[in-house]
Structures are given as structure tokens and as C-alpha cells.
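Data block for coords.txt (compact mmCIF, C-alpha atoms (C1' of nucleotides)):
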# COMPACT_ATOMS: atom_id res chain seq x y z
CA MET A 154 18.57 -24.73 -17.79
CA ASP A 155 16.86 -23.52 -14.63
CA ALA A 156 14.79 -26.51 -13.67
CA ASP A 157 11.71 -25.47 -15.67
CA GLU A 158 11.99 -22.13 -17.31
CA THR A 159 8.63 -22.73 -18.87
CA GLY A 160 6.85 -23.53 -15.61
CA LEU A 161 4.46 -20.77 -14.73
CA ARG A 162 5.48 -20.75 -11.11
CA ALA A 163 9.10 -20.01 -11.92
CA ARG A 164 8.10 -17.51 -14.57
CA LEU A 165 5.97 -15.57 -12.12
CA VAL A 166 8.79 -15.34 -9.63
CA ALA A 167 11.22 -14.27 -12.35
CA VAL A 168 8.86 -11.58 -13.58
CA GLY A 169 8.34 -10.44 -10.01
CA VAL A 170 12.06 -10.22 -9.34
CA ASP A 171 12.55 -8.25 -12.51
CA LEU A 172 9.69 -5.96 -11.59
CA VAL A 173 10.82 -5.26 -8.05
CA LEU A 174 14.35 -4.56 -9.25
CA ARG A 175 13.15 -2.25 -11.96
CA GLU A 176 10.27 -0.41 -10.36
CA GLY A 177 10.34 -1.06 -6.65
CA GLN A 178 8.27 -2.91 -4.16
CA SER A 179 5.04 -1.02 -4.70
CA ALA A 180 4.91 -2.04 -8.36
CA VAL A 181 4.78 -5.71 -7.54
CA SER A 182 1.09 -6.46 -7.68
CA LEU A 183 -0.33 -9.85 -8.45
CA ARG A 184 -2.16 -8.54 -11.48
CA GLU A 185 0.81 -6.73 -12.92
CA ILE A 186 2.96 -9.81 -12.63
CA ALA A 187 0.25 -11.90 -14.24
CA ARG A 188 -0.03 -9.34 -17.03
CA ARG A 189 3.69 -9.36 -17.73
CA ALA A 190 3.77 -13.12 -17.59
CA GLY A 191 1.01 -13.18 -20.18
CA VAL A 192 -1.56 -14.98 -18.06
CA SER A 193 -4.87 -14.01 -16.57
CA HIS A 194 -5.05 -12.24 -13.25
CA GLY A 195 -6.29 -15.34 -11.51
CA ALA A 196 -3.53 -17.64 -12.68
CA PRO A 197 -0.94 -16.92 -9.99
CA ARG A 198 -3.40 -18.03 -7.38
CA ARG A 199 -2.80 -21.68 -8.22
CA TYR A 200 0.84 -21.41 -7.15
CA PHE A 201 0.68 -18.53 -4.72
CA PRO A 202 -2.63 -18.54 -2.86
CA THR A 203 -2.00 -15.07 -1.57
CA HIS A 204 -0.02 -12.00 -2.45
CA VAL A 205 2.23 -12.57 0.54
CA ASP A 206 3.23 -15.96 -0.81
CA LEU A 207 4.39 -14.51 -4.08
CA LEU A 208 6.21 -11.62 -2.45
CA SER A 209 7.90 -14.03 -0.08
CA ALA A 210 9.10 -16.14 -3.00
CA ILE A 211 10.49 -13.03 -4.66
CA ALA A 212 12.23 -11.91 -1.47
CA ARG A 213 13.68 -15.38 -1.12
CA GLU A 214 15.26 -14.92 -4.51
CA GLY A 215 16.71 -11.66 -3.24
CA PHE A 216 18.32 -13.35 -0.26
CA ALA A 217 19.71 -16.02 -2.55
CA ASP A 218 21.16 -13.35 -4.79
CA LEU A 219 22.73 -11.47 -1.90
CA THR A 220 24.13 -14.67 -0.47
CA ALA A 221 25.64 -15.58 -3.83
CA ARG A 222 27.27 -12.18 -4.10
CA VAL A 223 28.74 -12.43 -0.65
CA GLU A 224 30.05 -15.90 -1.38
CA LYS A 225 31.62 -14.68 -4.58
CA THR A 226 33.27 -11.85 -2.67
CA MET A 227 34.60 -14.34 -0.16
CA ARG A 228 36.05 -16.38 -3.00
CA ASP A 229 37.71 -13.40 -4.66
CA VAL A 230 39.18 -11.44 -1.79
CA ASP A 231 42.39 -12.29 0.03
CA PRO A 232 42.26 -14.23 3.27
CA ASP A 233 42.98 -11.48 5.77
CA PRO A 234 39.82 -11.43 7.93
CA ARG A 235 39.67 -7.69 8.25
CA THR A 236 39.95 -7.26 4.51
CA ARG A 237 37.29 -9.88 3.99
CA LEU A 238 34.97 -8.24 6.46
CA THR A 239 35.39 -4.88 4.79
CA ALA A 240 34.60 -6.47 1.45
CA LEU A 241 31.53 -8.12 2.93
CA ALA A 242 30.31 -4.81 4.26
CA ARG A 243 30.79 -3.17 0.88
CA THR A 244 28.97 -6.01 -0.84
CA TYR A 245 26.06 -5.66 1.56
CA LEU A 246 25.76 -1.93 1.11
CA ASP A 247 26.30 -2.07 -2.64
CA PHE A 248 23.51 -4.57 -2.89
CA ALA A 249 21.21 -2.38 -0.84
CA ALA A 250 22.01 0.62 -3.00
CA ALA A 251 21.91 -1.10 -6.36
CA HIS A 252 18.77 -3.14 -5.68
CA ARG A 253 16.98 -0.84 -3.35
CA GLY A 254 13.51 -2.11 -4.16
CA MET A 255 14.52 -5.69 -3.52
CA PHE A 256 16.40 -4.78 -0.37
CA GLU A 257 13.35 -3.01 0.97
CA LEU A 258 11.11 -5.90 0.18
CA MET A 259 13.46 -8.35 1.86
CA PHE A 260 13.02 -6.66 5.21
CA ARG A 261 9.38 -5.68 4.97
CA HIS A 262 8.18 -8.16 7.54
CA ASP A 263 4.65 -6.90 7.13
CA LEU A 264 4.61 -8.00 3.49
CA LEU A 265 6.31 -11.33 3.95
CA ASP A 266 5.44 -14.57 5.56
CA SER A 267 8.81 -15.31 7.05
CA GLY A 268 7.48 -18.41 8.68
CA ARG A 269 6.19 -20.46 5.83
CA LEU A 270 9.10 -19.94 3.46
CA ARG A 271 11.75 -20.13 6.15
CA LEU A 272 12.67 -16.67 5.07
CA ARG A 273 14.46 -15.68 8.21
CA GLU A 274 16.47 -18.85 8.19
CA THR A 275 17.51 -17.99 4.66
CA SER A 276 19.51 -15.11 6.01
CA LEU A 277 21.32 -17.22 8.55
CA PRO A 278 24.10 -18.49 6.24
CA LEU A 279 24.83 -14.89 5.48
CA PHE A 280 25.00 -14.09 9.15
CA ALA A 281 27.22 -17.11 9.66
CA VAL A 282 29.83 -15.73 7.28
CA LEU A 283 29.78 -12.47 9.16
CA ALA A 284 29.90 -14.16 12.53
CA ASP A 285 32.83 -16.29 11.49
CA LEU A 286 34.90 -13.31 10.43
CA VAL A 287 33.94 -11.39 13.52
CA ALA A 288 34.97 -14.29 15.71
CA GLN A 289 38.42 -14.22 14.16
CA LEU A 290 38.80 -10.51 14.75
CA ARG A 291 37.24 -10.30 18.16
CA ARG A 292 39.42 -8.93 20.94
CA PRO A 293 39.18 -10.47 24.40
CA THR A 294 37.48 -7.45 25.90
CA ASP A 295 34.79 -7.30 23.20
CA ALA A 296 31.26 -8.53 23.59
CA PRO A 297 30.57 -12.23 22.92
CA ALA A 298 31.00 -13.07 19.25
CA PRO A 299 27.32 -13.46 18.32
CA VAL A 300 26.42 -10.21 20.02
CA LEU A 301 29.33 -8.44 18.40
CA ALA A 302 28.36 -9.80 15.02
CA GLY A 303 24.75 -8.81 15.59
CA ALA A 304 25.74 -5.29 16.54
CA LEU A 305 27.91 -5.00 13.47
CA TRP A 306 25.21 -6.34 11.20
CA ALA A 307 22.76 -3.92 12.72
CA ASN A 308 25.21 -1.15 12.05
CA LEU A 309 25.58 -2.07 8.40
CA HIS A 310 21.86 -2.49 8.01
CA GLY A 311 21.20 0.82 9.68
CA ILE A 312 23.62 2.56 7.37
CA ALA A 313 21.86 1.07 4.38
CA GLN A 314 18.44 2.09 5.70
CA LEU A 315 19.27 5.58 6.77
CA TRP A 316 21.31 6.20 3.68
CA ALA A 317 18.36 5.27 1.54
CA TRP A 318 16.18 7.46 3.66
CA GLY A 319 18.38 10.43 2.85
CA SER A 320 18.91 11.85 6.29
CA LEU A 321 22.31 10.43 6.97
CA PRO A 322 24.26 12.40 4.38
CA LEU A 323 22.31 15.47 5.38
CA ALA A 324 23.25 15.06 8.99
CA THR A 325 26.82 13.87 8.68
CA GLY A 326 27.80 15.91 5.68
CA ALA A 327 29.29 12.82 4.11
CA THR A 328 28.91 12.37 0.41
CA ASP A 329 29.20 8.61 0.41
CA ASP A 330 28.83 5.91 2.98
CA ASP A 331 32.45 4.87 2.96
CA ALA A 332 33.36 6.92 5.99
CA LEU A 333 30.48 5.38 7.90
CA VAL A 334 31.55 1.88 6.97
CA ARG A 335 35.08 2.53 8.13
CA ALA A 336 33.80 4.11 11.31
CA ALA A 337 31.58 1.13 11.98
CA LEU A 338 34.30 -1.43 11.43
CA ASP A 339 36.85 0.53 13.41
CA ALA A 340 34.39 0.92 16.22
CA HIS A 341 33.41 -2.70 16.52
CA LEU A 342 36.77 -4.27 15.77
CA GLY A 343 39.33 -1.68 16.69
CA PRO A 344 41.18 0.74 14.42
CA THR A 345 42.48 -0.54 11.16
CA PRO A 346 45.92 -2.00 11.69
CA ALA A 347 48.50 0.39 10.19
CA MET B 46 -5.99 24.32 23.63
CA ASP B 47 -4.21 22.88 20.62
CA ALA B 48 -4.71 25.65 18.11
CA ASP B 49 -7.99 24.24 16.78
CA GLU B 50 -8.96 20.88 18.14
CA THR B 51 -12.16 21.10 16.19
CA GLY B 52 -10.48 21.81 12.88
CA LEU B 53 -10.86 18.93 10.52
CA ARG B 54 -7.26 19.03 9.48
CA ALA B 55 -6.01 18.49 13.01
CA ARG B 56 -8.66 15.89 13.66
CA LEU B 57 -7.62 13.90 10.61
CA VAL B 58 -4.01 13.89 11.71
CA ALA B 59 -4.98 12.90 15.25
CA VAL B 60 -7.14 10.04 13.99
CA GLY B 61 -4.33 8.95 11.71
CA VAL B 62 -1.80 8.96 14.51
CA ASP B 63 -4.13 6.94 16.67
CA LEU B 64 -4.74 4.52 13.84
CA VAL B 65 -1.11 3.96 12.95
CA LEU B 66 -0.24 3.43 16.61
CA ARG B 67 -3.06 1.00 17.11
CA GLU B 68 -3.13 -0.96 13.88
CA GLY B 69 0.02 -0.21 11.97
CA GLN B 70 0.95 1.58 8.85
CA SER B 71 -1.10 -0.51 6.44
CA ALA B 72 -4.33 0.41 8.22
CA VAL B 73 -3.87 4.09 7.55
CA SER B 74 -5.97 4.62 4.46
CA LEU B 75 -7.54 7.90 3.52
CA ARG B 76 -11.00 6.43 3.62
CA GLU B 77 -10.57 4.76 6.98
CA ILE B 78 -9.35 7.96 8.54
CA ALA B 79 -12.25 9.84 7.02
CA ARG B 80 -14.64 7.22 8.34
CA ARG B 81 -13.27 7.42 11.88
CA ALA B 82 -13.30 11.18 11.74
CA GLY B 83 -16.95 11.02 10.76
CA VAL B 84 -16.60 12.72 7.41
CA SER B 85 -17.01 11.59 3.84
CA HIS B 86 -14.20 9.90 1.99
CA GLY B 87 -13.51 12.96 -0.09
CA ALA B 88 -13.18 15.37 2.78
CA PRO B 89 -9.49 14.88 3.59
CA ARG B 90 -8.62 15.92 0.09
CA ARG B 91 -9.20 19.56 0.91
CA TYR B 92 -6.35 19.52 3.44
CA PHE B 93 -4.25 16.69 2.10
CA PRO B 94 -4.41 16.58 -1.67
CA THR B 95 -2.82 13.17 -1.71
CA HIS B 96 -2.37 10.20 0.55
CA VAL B 97 1.32 10.98 0.86
CA ASP B 98 0.55 14.38 2.30
CA LEU B 99 -1.57 12.93 5.06
CA LEU B 100 0.91 10.19 5.86
CA SER B 101 3.69 12.75 5.96
CA ALA B 102 1.75 14.86 8.43
CA ILE B 103 1.20 11.79 10.59
CA ALA B 104 4.87 10.85 10.45
CA ARG B 105 5.76 14.40 11.37
CA GLU B 106 3.73 13.95 14.50
CA GLY B 107 5.73 10.81 15.18
CA PHE B 108 9.01 12.67 14.94
CA ALA B 109 7.66 15.35 17.22
CA ASP B 110 6.65 12.70 19.74
CA LEU B 111 10.02 10.99 19.61
CA THR B 112 11.82 14.29 19.94
CA ALA B 113 9.70 15.21 22.95
CA ARG B 114 10.48 11.89 24.59
CA VAL B 115 14.18 12.31 24.03
CA GLU B 116 14.07 15.83 25.41
CA LYS B 117 12.22 14.61 28.46
CA THR B 118 14.85 11.93 28.95
CA MET B 119 17.55 14.55 28.69
CA ARG B 120 15.80 16.59 31.33
CA ASP B 121 15.42 13.66 33.72
CA VAL B 122 18.73 11.87 33.52
CA ASP B 123 21.90 12.96 35.25
CA PRO B 124 24.49 14.98 33.38
CA ASP B 125 27.15 12.33 32.77
CA PRO B 126 27.32 12.17 28.97
CA ARG B 127 27.70 8.43 28.78
CA THR B 128 24.69 7.92 31.00
CA ARG B 129 22.73 10.37 28.92
CA LEU B 130 23.69 8.67 25.71
CA THR B 131 22.67 5.29 27.05
CA ALA B 132 19.34 6.73 28.08
CA LEU B 133 18.90 8.27 24.65
CA ALA B 134 19.55 4.91 23.02
CA ARG B 135 17.02 3.23 25.26
CA THR B 136 14.46 5.90 24.52
CA TYR B 137 14.98 5.47 20.80
CA LEU B 138 14.64 1.71 20.92
CA ASP B 139 11.74 1.78 23.33
CA PHE B 140 9.93 4.13 21.03
CA ALA B 141 10.58 1.85 18.06
CA ALA B 142 9.32 -1.15 19.98
CA ALA B 143 6.32 0.47 21.60
CA HIS B 144 5.15 2.36 18.53
CA ARG B 145 6.29 0.02 15.84
CA GLY B 146 3.74 1.09 13.27
CA MET B 147 4.63 4.73 13.69
CA PHE B 148 8.34 4.00 13.65
CA GLU B 149 7.98 2.09 10.41
CA LEU B 150 5.97 4.83 8.82
CA MET B 151 8.50 7.45 9.86
CA PHE B 152 11.20 5.84 7.77
CA ARG B 153 9.14 4.65 4.83
CA HIS B 154 10.57 7.12 2.38
CA ASP B 155 8.43 5.63 -0.37
CA LEU B 156 5.27 6.64 1.49
CA LEU B 157 6.38 10.07 2.57
CA ASP B 158 7.14 13.29 0.87
CA SER B 159 10.12 14.26 2.92
CA GLY B 160 10.66 17.33 0.83
CA ARG B 161 7.44 19.23 1.17
CA LEU B 162 6.98 18.80 4.88
CA ARG B 163 10.67 19.19 5.73
CA LEU B 164 10.39 15.79 7.21
CA ARG B 165 14.07 14.98 7.09
CA GLU B 166 14.92 18.26 8.70
CA THR B 167 12.50 17.38 11.46
CA SER B 168 14.85 14.66 12.58
CA LEU B 169 17.85 16.95 12.72
CA PRO B 170 17.26 18.30 16.25
CA LEU B 171 17.18 14.72 17.39
CA PHE B 172 20.43 14.04 15.64
CA ALA B 173 21.88 17.19 17.16
CA VAL B 174 21.28 15.89 20.66
CA LEU B 175 23.03 12.67 19.74
CA ALA B 176 25.88 14.47 17.99
CA ASP B 177 26.42 16.73 20.97
CA LEU B 178 26.75 13.84 23.39
CA VAL B 179 28.97 11.95 21.01
CA ALA B 180 31.23 14.97 20.64
CA GLN B 181 31.72 15.05 24.39
CA LEU B 182 32.62 11.39 24.50
CA ARG B 183 34.71 11.18 21.38
CA ARG B 184 38.28 10.00 21.83
CA PRO B 185 41.02 11.63 19.76
CA THR B 186 41.55 8.56 17.60
CA ASP B 187 37.85 8.18 16.75
CA ALA B 188 36.24 9.22 13.51
CA PRO B 189 35.13 12.87 13.19
CA ALA B 190 32.21 13.62 15.44
CA PRO B 191 29.45 13.80 12.80
CA VAL B 192 30.59 10.55 11.25
CA LEU B 193 30.85 8.88 14.62
CA ALA B 194 27.39 10.10 15.53
CA GLY B 195 26.03 8.93 12.20
CA ALA B 196 27.54 5.51 12.64
CA LEU B 197 26.09 5.23 16.11
CA TRP B 198 22.68 6.36 14.99
CA ALA B 199 22.81 3.84 12.17
CA ASN B 200 23.67 1.20 14.70
CA LEU B 201 20.71 2.04 16.91
CA HIS B 202 18.42 2.26 13.95
CA GLY B 203 19.64 -1.05 12.59
CA ILE B 204 19.06 -2.73 15.92
CA ALA B 205 15.51 -1.42 15.94
CA GLN B 206 14.89 -2.57 12.38
CA LEU B 207 16.40 -5.98 12.63
CA TRP B 208 14.87 -6.58 15.99
CA ALA B 209 11.46 -5.85 14.58
CA TRP B 210 12.23 -8.11 11.67
CA GLY B 211 12.85 -10.97 14.07
CA SER B 212 16.11 -12.25 12.74
CA LEU B 213 18.40 -10.67 15.25
CA PRO B 214 17.35 -12.65 18.31
CA LEU B 215 17.34 -15.75 16.19
CA ALA B 216 20.90 -15.16 15.06
CA THR B 217 22.45 -13.81 18.24
CA GLY B 218 20.52 -15.84 20.73
CA ALA B 219 19.83 -12.72 22.72
CA THR B 220 16.47 -12.39 24.38
CA ASP B 221 16.41 -8.64 24.50
CA ASP B 222 18.24 -5.86 22.77
CA ASP B 223 20.09 -4.66 25.82
CA ALA B 224 23.25 -6.58 25.05
CA LEU B 225 23.26 -5.14 21.56
CA VAL B 226 22.84 -1.61 22.85
CA ARG B 227 25.72 -2.04 25.26
CA ALA B 228 27.83 -3.60 22.54
CA ALA B 229 27.07 -0.72 20.21
CA LEU B 230 27.89 1.97 22.74
CA ASP B 231 31.01 0.21 23.93
CA ALA B 232 32.14 -0.23 20.37
CA HIS B 233 31.68 3.32 19.27
CA LEU B 234 32.73 5.07 22.45
CA GLY B 235 35.00 2.66 24.25
CA PRO B 236 34.15 0.27 27.07
CA THR B 237 31.99 1.52 29.87
CA PRO B 238 34.18 3.16 32.49
CA ALA B 239 34.35 0.85 35.50
C1' DG C 103 -14.33 -43.83 -24.97
C1' DC C 104 -15.10 -41.78 -20.99
C1' DC C 105 -13.79 -39.46 -17.00
C1' DT C 106 -11.19 -37.35 -13.54
C1' DG C 107 -8.33 -33.73 -12.14
C1' DA C 108 -5.03 -30.21 -12.98
C1' DA C 109 -4.32 -25.54 -15.19
C1' DG C 110 -5.69 -21.35 -16.57
C1' DT C 111 -9.86 -18.04 -17.75
C1' DA C 112 -13.26 -14.75 -16.60
C1' DG C 113 -16.42 -12.44 -13.84
C1' DA C 114 -17.73 -10.70 -9.40
C1' DC C 115 -16.97 -8.29 -4.94
C1' DA C 116 -15.19 -5.20 -1.59
C1' DG C 117 -11.74 -2.19 -0.88
C1' DT C 118 -8.39 1.57 -2.25
C1' DG C 119 -6.69 6.61 -4.07
C1' DT C 120 -7.95 10.16 -7.04
C1' DC C 121 -10.95 13.24 -9.73
C1' DT C 122 -15.13 16.00 -10.57
C1' DA C 123 -19.54 18.00 -10.09
C1' DC C 124 -22.51 19.43 -6.85
C1' DG C 125 -24.82 21.46 -2.36
C1' DC C 126 -24.55 24.21 1.70
C1' DC C 127 -23.68 27.77 4.53
C1' DT C 128 -21.10 31.61 6.13
C1' DG C 129 -19.55 36.24 5.76
C1' DC C 130 -18.84 40.19 3.07
C1' DC C 131 -20.01 43.97 -0.14
C1' DT C 132 -23.04 47.12 -2.24
C1' DA D 214 -31.46 43.95 3.32
C1' DG D 215 -30.26 41.25 -0.62
C1' DG D 216 -27.35 38.81 -3.20
C1' DC D 217 -23.21 36.81 -4.19
C1' DA D 218 -18.69 34.51 -3.90
C1' DG D 219 -15.78 31.12 -1.75
C1' DG D 220 -14.50 27.79 1.58
C1' DC D 221 -16.03 23.25 3.18
C1' DG D 222 -17.79 18.93 2.89
C1' DT D 223 -20.79 15.35 0.10
C1' DA D 224 -21.49 11.94 -3.33
C1' DG D 225 -20.69 9.52 -7.32
C1' DA D 226 -17.53 7.87 -10.75
C1' DC D 227 -13.20 5.71 -12.45
C1' DA D 228 -9.35 2.68 -12.60
C1' DC D 229 -6.91 -0.14 -9.85
C1' DT D 230 -5.97 -3.69 -6.20
C1' DG D 231 -6.39 -8.74 -3.80
C1' DT D 232 -9.44 -12.45 -3.21
C1' DC D 233 -13.14 -15.77 -4.26
C1' DT D 234 -15.78 -18.81 -7.28
C1' DA D 235 -17.72 -20.81 -11.32
C1' DC D 236 -16.41 -22.15 -15.65
C1' DT D 237 -13.70 -24.02 -19.78
C1' DT D 238 -10.05 -26.75 -21.68
C1' DC D 239 -7.20 -30.40 -22.19
C1' DA D 240 -4.11 -34.35 -21.24
C1' DG D 241 -3.57 -39.20 -19.23
C1' DG D 242 -5.30 -43.34 -17.22
C1' DC D 243 -8.81 -46.88 -16.65

What is this file in C-alpha cells?
Amino acid sequence: MDADETGLRARLVAVGVDLVLREGQSAVSLREIARRAGVSHGAPRRYFPTHVDLLSAIAREGFADLTARVEKTMRDVDPDPRTRLTALARTYLDFAAAHRGMFELMFRHDLLDSGRLRLRETSLPLFAVLADLVAQLRRPTDAPAPVLAGALWANLHGIAQLWAWGSLPLATGATDDDALVRAALDAHLGPTPA
Amino acid sequence: MDADETGLRARLVAVGVDLVLREGQSAVSLREIARRAGVSHGAPRRYFPTHVDLLSAIAREGFADLTARVEKTMRDVDPDPRTRLTALARTYLDFAAAHRGMFELMFRHDLLDSGRLRLRETSLPLFAVLADLVAQLRRPTDAPAPVLAGALWANLHGIAQLWAWGSLPLATGATDDDALVRAALDAHLGPTPA
DNA sequence: GCCTGAAGTAGACAGTGTCTACGCCTGCCT
DNA sequence: AGGCAGGCGTAGACACTGTCTACTTCAGGC
């Protein structure tokens, strides 16, 4: 049992997560969530004084979900770092594609209060996994590990963004993002061994 | 003279551009633009039937501005392709940082109608400049030129996004994005010659 | 038995995008 | 010259949003 499934606070977040997954970020209004939770439009205010607070809680759930997926991938895939990193990249991009609304919300800094909920810090464990793998694969002539990891993350994130935007396939002629992922990994970490 | 500076249509777009630059994407409401243009709230509807249409026109202006800046950079910088590409990257990121609201709007596919205004196609000339430089610098073992260019663009774009989000400096410890830009270029095109 | 305080309700307010009916004024046609 | 049609902008309405505030309701402790 999830702590308190009956608690309104948890129910509001759950409804919000469901809503953002199903209908996208713009559908997540306070009143709509209240409606679907079966309470009056003023009820959420007790737990989330402002819209930003509720959205931040929902985004937090998204980061938790993504982190869980990455951890599961790390558990399932074999220990070769390059293989693991490739799997991580795929997990990241699959998440962005499958839960586009949530992914968008998670990085809409204008809608979120990353300070209060330690939202940014929530993504650090995720970055740590990436940084660890990158450190193992880093060649002596590469940039320092954190920078290299940051550049690679930015690359993955950019692929996700631009792919969603629709211009990338148009420009590159690619029909899926796999080629871009391979290109990114090869670029940052050297060509795939054999 | 810009076609018709007095035309309401152009004035609305100009006010919108000014507004998004000054106060960010969320400030750009139909009614606020109408107010600042000195017309009634219903007036924009004649030229922009829906909010999306007006926002798309504003974003289009943003792409035009970015393209102009890149072209100016290409005119000013010396012909070495690597130098030019570095300058292009800096121009892109500077634009994103200096005009954050506009940059955000330009890639908010949920707010724009990229179809009607050929918005996506508007970014193609920009991509062509990038692709051309990349083609000159591509090593035989690299990915095909369009893919390589796409990956590099994604990298730049991701840096801009994540930097704006605030997590990148936190994770990498970098204090500016220069290291990331260098890392990205080195990764995709090989280390800087000497 | 009362009373305090938490929890949710309900109404108001300003703001938004969209729709519709209405004036105005210009330029054209007979 | 007179009238008329159409483009342009106004003004009011509607449903919706987030936020604020006053109110009910109800359980637990003194």
C-alpha cells in the first residue's frame, strides 16, 4: 500500500500524473485535477498553495519514474560499460518519447519551483549513473569526466527535444533516432569497439 | 521602410516580439499584445484567428533573427571551417541565453503551428549552414554528414536547454558553457588541431 | 459538553482565448 | 452624386483558468 492511497494529497498527485501522461502538460490545471479527484476546485489549495507546487510534485514523480527505469535497466543489462551506457541512452529517449507530456513538464523551469522541492537535485542521482559510466569509458585525451558527461547528457536531451519538435528527422532524413544515438555515443566516447 | 510599419498586423508581431524578449513566453497573451498595440482585445483576431497563429508569427521572427545573426557571424569570421563552426555554436548559445524567452517559444511545439507557417522549414537554412561546415570537417570514419550535423545540433540545443534549466552547472561544476561547447565540438569533430 | 482546529465547500475576482453582433469609414459602381 | 458593400476595429458575452476568502462540517481533547 502506497503510504496513504486515500490521502487527498497523494490522490491529487496521482491524478495529475495520470493526466499529464494522458493529455499533456497543458491539460494539468488545478481545477481539472480537483474535478477528477472528486473534490471542489478549492481543495487542492490546502496541500498545494499554488499551481506551481502541484506541478512540481507531479514532475518530481516523473523524475522518480525515470530514475526507477534507469535503475532497472542498469540491473538488467550486462556489465560492459559501453553497453550499459547505450542502454541508458535508449531508456532516456524512450521515456521522453513514451511520456512526452511528462518529459516536457519535467524541464519546464518556468512552470516548476525547482528550489522548494529540490527538483534539480532529484535529477542528480540520474546524472551520477551517467557520470560513472562515462568515467569508466573516458579516454585520456577527452574532456574531464563531469564535462564529458554533461556534454553527453546535453546531447541526449537535445535529441529528445529536437526529435519531439519534428525538425530533426526532417533535416537529417533519419526515420528514427537510433542513428543519432549511435553518432552521439561514438562521438563522445570513440567508435564502438569492433 | 518595412513593407507597412503602420499595418496592424506587423505592429502586433513587433509588439509580441518585444514582449517575449522582455518578459518571456508566458507574458505573450493576445489581450496584452492588443493592449500594448493600442487596439481592442478583439482586433488581433482579424489577422491571427487564434493565439497559436500569432505566437507562430512571433516565433518566425525569432528564427529570422537567429538566422540573420548566424549569417552575420559567417560573414565576419575567417574561413577556417572549424573556427566558423565554433563561432556558429557560440552564436547559437548566445542567442539562447540572451533571448531566452524567444528561444523557448521557438521550440515550444505545443504552442506553435509549425505546419501552417512553415516554421520547421524556416530552421532549415540554419541547419544547412551547420551541415555544410560539418561536411567539410567530417572524417571518413564519422557518421554520415546529415546525421553528424544532427547530432551536433542536438548537442548544442541540449546545452542551451539544460543550461537554462540550471541543472547542468550544478552537475558539472562548470561556471559557463564554454567547456561544454569545446567538449561537444571536440567530440563530434575530433580534438582541436594544435 | 463545549470548543478548537483541520479539511473541504462555495462564491467571488481578475485574467485568459474565442465567438458574435455591431459600428465606422473607405472606395467603388451605377 | 448617392448609395452600397466590405474590410477593419470595437464591445460585450461565454466558458475557462488560478487565487483569495468566508463559510460549513466534523472529529478529538479538555

Query raised in the report: So which residues are close to (14.5, 9.8, 4.8), meaning at most 10 Å away in the file's coordinates with only C-alpha atoms (C1' of nucleotides) counted, and can you show them as JSON, numbers by chain?
Result: {"A": [314, 315, 316, 317, 318, 319, 320, 321, 323], "B": [151, 152, 153, 154, 155, 157, 158, 159, 160, 164, 165, 166, 168]}

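Ranking A:Arg213, A:Arg184, A:Arg235, A:His252 by their shortest atom-to-atom distance to chain D, with only C-alpha atoms (C1' of nucleotides) included, puts A:Arg184 first.
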
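Residues with at least one atom no more than 9 Å from (25.9, -7.4, 1.5), using all atoms listed in the file, are Leu219, Thr220, Arg222, Val223, Ala240, Leu241, Ala242, Arg243, Thr244, Tyr245, Leu246, Asp247, Phe248, Ala249, Leu279 and Leu309 of chain A.
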
Report task. Give me, please, the distance in Å between CA of Gly61 in chain B and CA of Leu99 in chain B, quoted to one decimal. Result -> 8.2 Å

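When the distance limit is 9 Å and all atoms listed in the file are what count, the residues near DA112 in chain C, minus those fewer than 4 positions from it on the same chain, are Ser193 and Gly195 of chain A; DC236 of chain D.
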
Based on the selection just made, write C-alpha atoms (C1' of nucleotides) of those residues as a short mmCIF file (atom, residue, chain, number, x, y, z; two decimals), in the frame of the given file.
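Saved result, again_35.cif, follows:
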data_model
loop_
_atom_site.label_atom_id
_atom_site.label_comp_id
_atom_site.auth_asym_id
_atom_site.auth_seq_id
_atom_site.Cartn_x
_atom_site.Cartn_y
_atom_site.Cartn_z
CA SER A 193 -4.87 -14.01 -16.57
CA GLY A 195 -6.29 -15.34 -11.51
"C1'" DC D 236 -16.41 -22.15 -15.65
#

Query raised in the report: Which is closest to DT120 in chain C among B:Val192, B:Leu75, B:Met147, B:Val179, if we use all atoms listed in the file?
Result: B:Leu75

Chain A contacts to chain D at 12 Å (only C-alpha atoms (C1' of nucleotides)) as an mmCIF file with C-alpha atoms, in the frame of the given file:
data_model
loop_
_atom_site.group_PDB
_atom_site.id
_atom_site.type_symbol
_atom_site.label_atom_id
_atom_site.label_comp_id
_atom_site.auth_asym_id
_atom_site.auth_seq_id
_atom_site.Cartn_x
_atom_site.Cartn_y
_atom_site.Cartn_z
ATOM 1 C CA SER A 179 5.040 -1.020 -4.700
ATOM 2 C CA ALA A 180 4.910 -2.040 -8.360
ATOM 3 C CA VAL A 181 4.780 -5.710 -7.540
ATOM 4 C CA SER A 182 1.090 -6.460 -7.680
ATOM 5 C CA LEU A 183 -0.330 -9.850 -8.450
ATOM 6 C CA ARG A 184 -2.160 -8.540 -11.480
ATOM 7 C CA GLU A 185 0.810 -6.730 -12.920
ATOM 8 C CA HIS A 194 -5.050 -12.240 -13.250
ATOM 9 C CA GLY A 195 -6.290 -15.340 -11.510
ATOM 10 C CA PRO A 197 -0.940 -16.920 -9.990
ATOM 11 C CA ARG A 198 -3.400 -18.030 -7.380
ATOM 12 C CA PHE A 201 0.680 -18.530 -4.720
ATOM 13 C CA PRO A 202 -2.630 -18.540 -2.860
ATOM 14 C CA THR A 203 -2.000 -15.070 -1.570
ATOM 15 C CA HIS A 204 -0.020 -12.000 -2.450
ATOM 16 C CA VAL A 205 2.230 -12.570 0.540
#
